[in-house]
Amino acid sequence: MEEYHSGDECIEGIIGGVDYSQNKVNQWTASIVEHTLTQLVKQGKPFKYIVNCAVMQKSGAGLHTANSCYWDTTTDGSCTVRWENRTMYCVVSVFAVAIAL
Amino acid sequence: MCRVSKGLSLATSSGRSERRVRHFHDNRWGSERRQRRNMDDDQSAEETAFVVDEVSSIVKESLEAVIGRNPYEHKRVNQWTSSVVEQCLGQIITCIIMQKNGAGLQSASSCFWDNTTDGSCTVRWENKHLYCIVSVFGLAI
């Protein structure tokens with residue numbers, strides 16, 4: 001799926017080789033969602049998008065995420081990308097809802 | 001079409017400080033969505049009042065009912081997240097549950113939608129053992 005590659009490249013480009021930093025994590029998540037959204041909008045398809053990103057420090061804590069969607073399954077869809085490095089996890093979800101033209 | 005971005009952060013590794021960052025935008029979401037479908041009038045601003053309070057209270061009630069004071073249990077977390085999202089009637093709902101362990105968590109979302117008809121609401125909830133973030137995104141059909 002194209003969204004998968006957009007999300008994966010965006011994450012890698014922004015937090016690829018860095019360690020978790022409390023000061024910078026705010027900028028990182030904002031950059032990831034903005035860049036992912038820009039890439040998706042560039043494709044020019046008639047969709048509304050929601051991009052969600054969560055970054056968590058690796059410290060042994062448990063984390064669970066879930067989502068539920070009420071939409072038209074023939075035209076709408078979602079995609080979740082899970083990424084990690086040595087010090088943190090990153091989960092990016094993209095939801096695309098078709099626009100009725 | 002407009003862009004809306006929001007960020008939310010939780011406990012950090014350097015201590016118990018908690019910081020919430022939100023960027024407010026003038027987005028509106030009609031709670032009378034179902035009624036609007038039957039109306040032939042155009043969608044004026046007065047009809048699409050933002051009802052984040054209503055959505056927040058629904059989310060909080062379902063969190064209290066489903067999780068309550070329970071400690072974080074890896075086996076039950078799956079059921080909890082499913083129950084919480086099922087109880088909240090809406091369009092797109094995401095739920096994050098994290099054990100309180102001193103780890104830092106940052107969550108952000110960015111949306112490309114129609115600012116006059118769509119909106120979102122994020123609820124942050126915690127008990128003694130875990131944090132829970134529920135986001136509800138409402139998109140007009």
# chains A, B, ... in the order shown; residues from 1 in each chain; ligands from 1
call {"tool": "interface_residues", "arguments": {"of": "chain A", "to": "chain B", "cutoff": "6 Å", "atoms": "only C-alpha atoms", "output": "PyMOL selection string"}}
result
chain A and resi 29+33+48-57+59+61-70
call {"tool": "atom_distance", "arguments": {"atom1": "atom CA of Trp83 of chain A", "atom2": "atom CA of Asp8 of chain A"}}
result
7.6 Å
call {"tool": "select_by_dssp", "arguments": {"residues": "segment 19-63 of chain A", "states": "helix (DSSP H, G or I)", "output": "list in words"}}
result
Val25, Asn26, Gln27, Trp28, Thr29, Ala30, Ser31, Ile32, Val33, Glu34, His35, Thr36, Leu37, Thr38, Gln39, Leu40, Val41 and Lys42 of chain A
call {"tool": "residues_around", "arguments": {"residues": "Thr80 of chain A", "least_positions_apart": "3", "cutoff": "8 Å", "atoms": "only C-alpha atoms", "output": "PDB file with all heavy atoms, in the first residue's frame"}}
result
ATOM      1  N   TYR A   4       1.679   2.888   3.332  1.00  0.00           N
ATOM      2  CA  TYR A   4       2.680   2.201   4.155  1.00  0.00           C
ATOM      3  C   TYR A   4       4.063   2.753   3.863  1.00  0.00           C
ATOM      4  O   TYR A   4       4.830   3.066   4.757  1.00  0.00           O
ATOM      5  CB  TYR A   4       2.626   0.697   3.862  1.00  0.00           C
ATOM      6  CG  TYR A   4       3.543  -0.112   4.732  1.00  0.00           C
ATOM      7  CD1 TYR A   4       3.081  -0.646   5.928  1.00  0.00           C
ATOM      8  CD2 TYR A   4       4.865  -0.317   4.381  1.00  0.00           C
ATOM      9  CE1 TYR A   4       3.917  -1.382   6.742  1.00  0.00           C
ATOM     10  CE2 TYR A   4       5.708  -1.044   5.194  1.00  0.00           C
ATOM     11  CZ  TYR A   4       5.226  -1.583   6.368  1.00  0.00           C
ATOM     12  OH  TYR A   4       6.067  -2.301   7.167  1.00  0.00           O
ATOM     13  N   VAL A  91       4.389   4.212  16.322  1.00  0.00           N
ATOM     14  CA  VAL A  91       3.261   3.607  15.614  1.00  0.00           C
ATOM     15  C   VAL A  91       2.518   4.717  14.877  1.00  0.00           C
ATOM     16  O   VAL A  91       2.094   5.690  15.485  1.00  0.00           O
ATOM     17  CB  VAL A  91       2.281   2.930  16.610  1.00  0.00           C
ATOM     18  CG1 VAL A  91       1.136   2.288  15.858  1.00  0.00           C
ATOM     19  CG2 VAL A  91       3.007   1.904  17.458  1.00  0.00           C
ATOM     20  N   VAL A  92       2.395   4.586  13.573  1.00  0.00           N
ATOM     21  CA  VAL A  92       1.699   5.595  12.773  1.00  0.00           C
ATOM     22  C   VAL A  92       0.486   4.947  12.117  1.00  0.00           C
ATOM     23  O   VAL A  92       0.607   3.909  11.481  1.00  0.00           O
ATOM     24  CB  VAL A  92       2.620   6.183  11.678  1.00  0.00           C
ATOM     25  CG1 VAL A  92       1.851   7.168  10.808  1.00  0.00           C
ATOM     26  CG2 VAL A  92       3.820   6.871  12.306  1.00  0.00           C
ATOM     27  N   SER A  93      -0.684   5.550  12.292  1.00  0.00           N
ATOM     28  CA  SER A  93      -1.896   5.031  11.654  1.00  0.00           C
ATOM     29  C   SER A  93      -2.430   6.061  10.681  1.00  0.00           C
ATOM     30  O   SER A  93      -2.488   7.243  11.003  1.00  0.00           O
ATOM     31  CB  SER A  93      -2.980   4.756  12.701  1.00  0.00           C
ATOM     32  OG  SER A  93      -2.573   3.782  13.599  1.00  0.00           O
ATOM     33  N   VAL A  94      -2.822   5.613   9.519  1.00  0.00           N
ATOM     34  CA  VAL A  94      -3.406   6.505   8.520  1.00  0.00           C
ATOM     35  C   VAL A  94      -4.816   6.018   8.215  1.00  0.00           C
ATOM     36  O   VAL A  94      -5.018   4.844   7.948  1.00  0.00           O
ATOM     37  CB  VAL A  94      -2.579   6.502   7.217  1.00  0.00           C
ATOM     38  CG1 VAL A  94      -3.259   7.372   6.173  1.00  0.00           C
ATOM     39  CG2 VAL A  94      -1.166   6.977   7.477  1.00  0.00           C
TER      40      VAL A  94
END
call {"tool": "closest_residue", "arguments": {"among": "A:Lys58, A:Thr38, A:Glu12, A:Ala96", "to": "Thr74 of chain A", "atoms": "only C-alpha atoms"}}
result
A:Ala96
